[in-house]
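Read the structure below first, then the notes.
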Amino acid sequence: MLLKLIRLGCILILFFFLILSSFTIIHIIRGKEPLAGLITLIEKIVNPPTKLTDVNTPSGTFRYGGSTTWAKIRGLVDDKIEQKFPQFNLVYTEHIRRPPGSGSGIRMLLDGQISFSQSSRPIKDEEQQIANQRGFKLKEIPVAIGGMAVVVHPKLDIKDLTLEQLKGIYTGKLTNWQQVGGPNLKITPYSAPRGAGGTVILKKHLLETGQDFGPNVIFTKTPTEAINKVGNLNNEGDDGGIYMASVYNLVGQCSVKPVPIARTEDGPFVAPYEGELVPIQDCPDQRNKLNYKVFQNSEYPITRRLFVIIKEDAGLDQQAGEAYANLLLTDEGQKLIAEAGIIPVKGLQK
């Protein structure tokens with residue numbers, strides 16, 4: 001045991017001197033005082049910011065946009081940030097033609113239309129390649145946890161689904177609910193727009209490499225549109241619809257029913273909500289509540305991270321993106337994320 005501790009100590013000392021050496025070389029090249037920069041770095045590691053006011057923010061107006069999953073954060077957390085930092089003016093911006101989503105947000109960032117973006121999926125290789133061609137890199141910083149819920153019409157007699165069954169539905173192999181133990185009713189699958197965070201996550205968890213969605217999948221512009229169709233509100237859809245999207249947009253809805261899912265047919269089948277399913281007749285007086293625990297421990301089969309996407313170009317946009325991410329990662333920022341009904345990445349309790 002003592003020998004292991006000595007070895008660990010030697011490794012840590014070596015690691016420290018490697019950091020010191022590289023840091024010194026970089027700062028000598030840039031003409032900066034290496035010791036002062038190293039002290040600042042160590043202070044950030046030893047004493048990370050806990051309050052919003054511990055973070056330095058640039059002054060100016062900064063446009064940002066992206067994932068619809070971030071709506072609750074934009075509604076509460078961003079307002080709090082602007083109250084404390086009036087000089088750090090944040091303006092939410094949507095693409096003039098594309099529907100809002102992770103893909104359109106990253107596209108706007110690549111095109112210089114916004115300073116940073118909010119994403120519910122990681123950066124794609126092709127997006128990083130475009131950034132490289134334009135002389136900068138993209139960086140993703142996780143700040144919260146999310147997941148994908150599966151919803152159907154409240155009257156549809158379906159208790160649960162496996163990932164393999166969902167794959168069959170979204171590739172067009174399964175077209176009738178009888179094939180998964182339900183009634184004799186056509187399946188109508190809905191999805192977020194191509195390039196959106198939800199669509200990318202669906203392909204990652206359900207489809208094989210190079211495999212695409214079936215021709216029967218209907219891509220909707222917004223979660224509201226899909227919810228109305230699956231819930232068959234105003235006869236906009238039918239009773240056989242199914243939709244997969246952010247748990248934050250679906251679990252508390254009254255017009256659709258969240259379905260427990262499992263990685264395999266052997267289970268366990270995990271619901272995204274707490275306790276028993278709230279009957280539709282009891283909603284909105286009672287609503288299904290998100291089960292934080294199954295997402296924090298990744299028990300739920302389709303769990304993901306929410307990222308701030310930053311343009312690393314050594315400019316003001318990079319400063320704005322890094323400041324925004326740092327604000328969200330403070331203890332105060334993580335608590336505000338929880339207050340907004342989103343699961344913070346640091347695992348703080350709501």
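If you're wondering about the labels, chains in the structure tokens are A, B, ... by order shown, residues count from 1 in each chain, ligands from 1 in order shown.
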inquiry  = Taking the DSSP secondary structure from the backbone, can you list the residues of range 141-337 of chain A that are alpha helix (DSSP H), as number ranges by chain?
reply    = A: 163-171, 197-206, 223-230, 247-250, 292-296, 316-329, 331-337
Residue nearest Gly75 in chain A - candidates A:Val278, A:Ile337, A:Val345, A:Ile227, atoms counted: only C-alpha atoms = A:Ile337
key: Those of range 47-253 of chain A in DSSP strand (DSSP E), formatted as a PyMOL selection string   = chain A and resi 60-66+88-92+116-119+137-152+161-162+188-191+218-219+241-246
Using only C-alpha atoms, please write the residues we just selected to a file, as an mmCIF file, in the first residue's frame.
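Written file, selection_3.cif:
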```
data_model
loop_
_atom_site.group_PDB
_atom_site.id
_atom_site.type_symbol
_atom_site.label_atom_id
_atom_site.label_comp_id
_atom_site.auth_asym_id
_atom_site.auth_seq_id
_atom_site.Cartn_x
_atom_site.Cartn_y
_atom_site.Cartn_z
ATOM 1 C CA GLY A 60 -21.282 43.838 -25.303
ATOM 2 C CA THR A 61 -24.284 42.288 -27.025
ATOM 3 C CA PHE A 62 -23.913 38.600 -27.833
ATOM 4 C CA ARG A 63 -26.341 36.583 -29.926
ATOM 5 C CA TYR A 64 -26.868 32.912 -29.200
ATOM 6 C CA GLY A 65 -29.344 30.148 -30.090
ATOM 7 C CA GLY A 66 -29.865 26.460 -30.710
ATOM 8 C CA PHE A 88 -23.261 41.036 -20.754
ATOM 9 C CA ASN A 89 -26.283 41.431 -23.023
ATOM 10 C CA LEU A 90 -27.569 38.075 -24.341
ATOM 11 C CA VAL A 91 -29.948 38.019 -27.308
ATOM 12 C CA TYR A 92 -31.608 34.728 -28.273
ATOM 13 C CA PHE A 116 -22.064 30.679 -29.092
ATOM 14 C CA SER A 117 -24.730 28.009 -29.323
ATOM 15 C CA GLN A 118 -26.731 25.737 -27.044
ATOM 16 C CA SER A 119 -26.837 22.077 -28.040
ATOM 17 C CA LYS A 137 -12.194 25.001 -33.716
ATOM 18 C CA LEU A 138 -15.446 24.177 -31.969
ATOM 19 C CA LYS A 139 -15.471 23.159 -28.329
ATOM 20 C CA GLU A 140 -18.314 21.564 -26.359
ATOM 21 C CA ILE A 141 -18.722 22.096 -22.607
ATOM 22 C CA PRO A 142 -21.340 19.926 -20.806
ATOM 23 C CA VAL A 143 -23.438 21.840 -18.283
ATOM 24 C CA ALA A 144 -26.581 19.719 -17.806
ATOM 25 C CA ILE A 145 -28.098 16.261 -18.322
ATOM 26 C CA GLY A 146 -31.063 15.336 -20.483
ATOM 27 C CA GLY A 147 -32.638 12.398 -22.216
ATOM 28 C CA MET A 148 -35.137 11.318 -24.846
ATOM 29 C CA ALA A 149 -38.708 10.418 -23.902
ATOM 30 C CA VAL A 150 -41.048 8.283 -25.994
ATOM 31 C CA VAL A 151 -44.691 9.365 -26.106
ATOM 32 C CA VAL A 152 -47.837 7.963 -27.701
ATOM 33 C CA LEU A 161 -41.033 -0.551 -25.646
ATOM 34 C CA THR A 162 -37.470 -1.774 -26.161
ATOM 35 C CA THR A 188 -47.114 6.956 -37.455
ATOM 36 C CA PRO A 189 -43.621 7.908 -36.223
ATOM 37 C CA TYR A 190 -42.673 11.563 -35.750
ATOM 38 C CA SER A 191 -39.232 13.091 -35.223
ATOM 39 C CA ILE A 218 -42.550 12.469 -40.426
ATOM 40 C CA PHE A 219 -40.149 15.280 -39.477
ATOM 41 C CA GLY A 241 -48.629 8.333 -33.528
ATOM 42 C CA ILE A 242 -45.323 8.064 -31.653
ATOM 43 C CA TYR A 243 -42.763 10.775 -30.981
ATOM 44 C CA MET A 244 -39.315 10.838 -29.400
ATOM 45 C CA ALA A 245 -37.879 14.109 -28.107
ATOM 46 C CA SER A 246 -36.410 15.802 -25.046
#
```
ask   = Which polymer residues have any atom within 10 Å of an atom of Lys311 in chain A, counting only C-alpha atoms, with same-chain residues fewer than 2 positions away left out, as a list of chain:residue names?
value =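 The neighbour list is A:Ile106, A:Leu109, A:Leu110, A:Gly112, A:Ile114, A:Ser115, A:Phe116, A:Ser117, A:Ala131, A:Phe136, A:Lys137, A:Leu138, A:Lys139, A:Glu140, A:Ile309, A:Asp313, A:Ala314, A:Gly315, A:Leu316, A:Asp317, A:Gln318, A:Gln319, A:Ala320, A:Gly321, A:Glu322.
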request  = Go through A:Thr171, A:Thr69, A:Asn326, A:Asn297 and flag the residue nearest Gly214 in chain A, using only C-alpha atoms for the distances.
outcome  =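 Smallest distance to Gly214 in chain A is found for A:Thr171.
Counting only C-alpha atoms and comparing A:Pro99, A:Pro260, A:Gly197, A:Gly231, the residue that lies closest to Ile280 in chain A is A:Gly231.
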query = Out of A:Val180, A:Ile302, A:Leu207, A:Val230, which residue has the shortest atom-to-atom distance to Arg263 in chain A when counting only C-alpha atoms?
reply =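 Among the listed residues, A:Ile302 lies closest to Arg263 in chain A.
Between CA of Lys51 in chain A and CA of Leu327 in chain A the separation is 7.9 Å.
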message = Need the shell around Asn176 in chain A: protein/DNA/RNA residues with any atom at most 10 Å away, counting only C-alpha atoms. Skip same-chain ones fewer than 6 positions apart. Format as a list in words?
response =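 Residues near the query, excluding close chain neighbours: Ile169, Gly182, Pro183, Asn184, Leu185, Lys186, Ile187, Thr188 and Gly240 of chain A.
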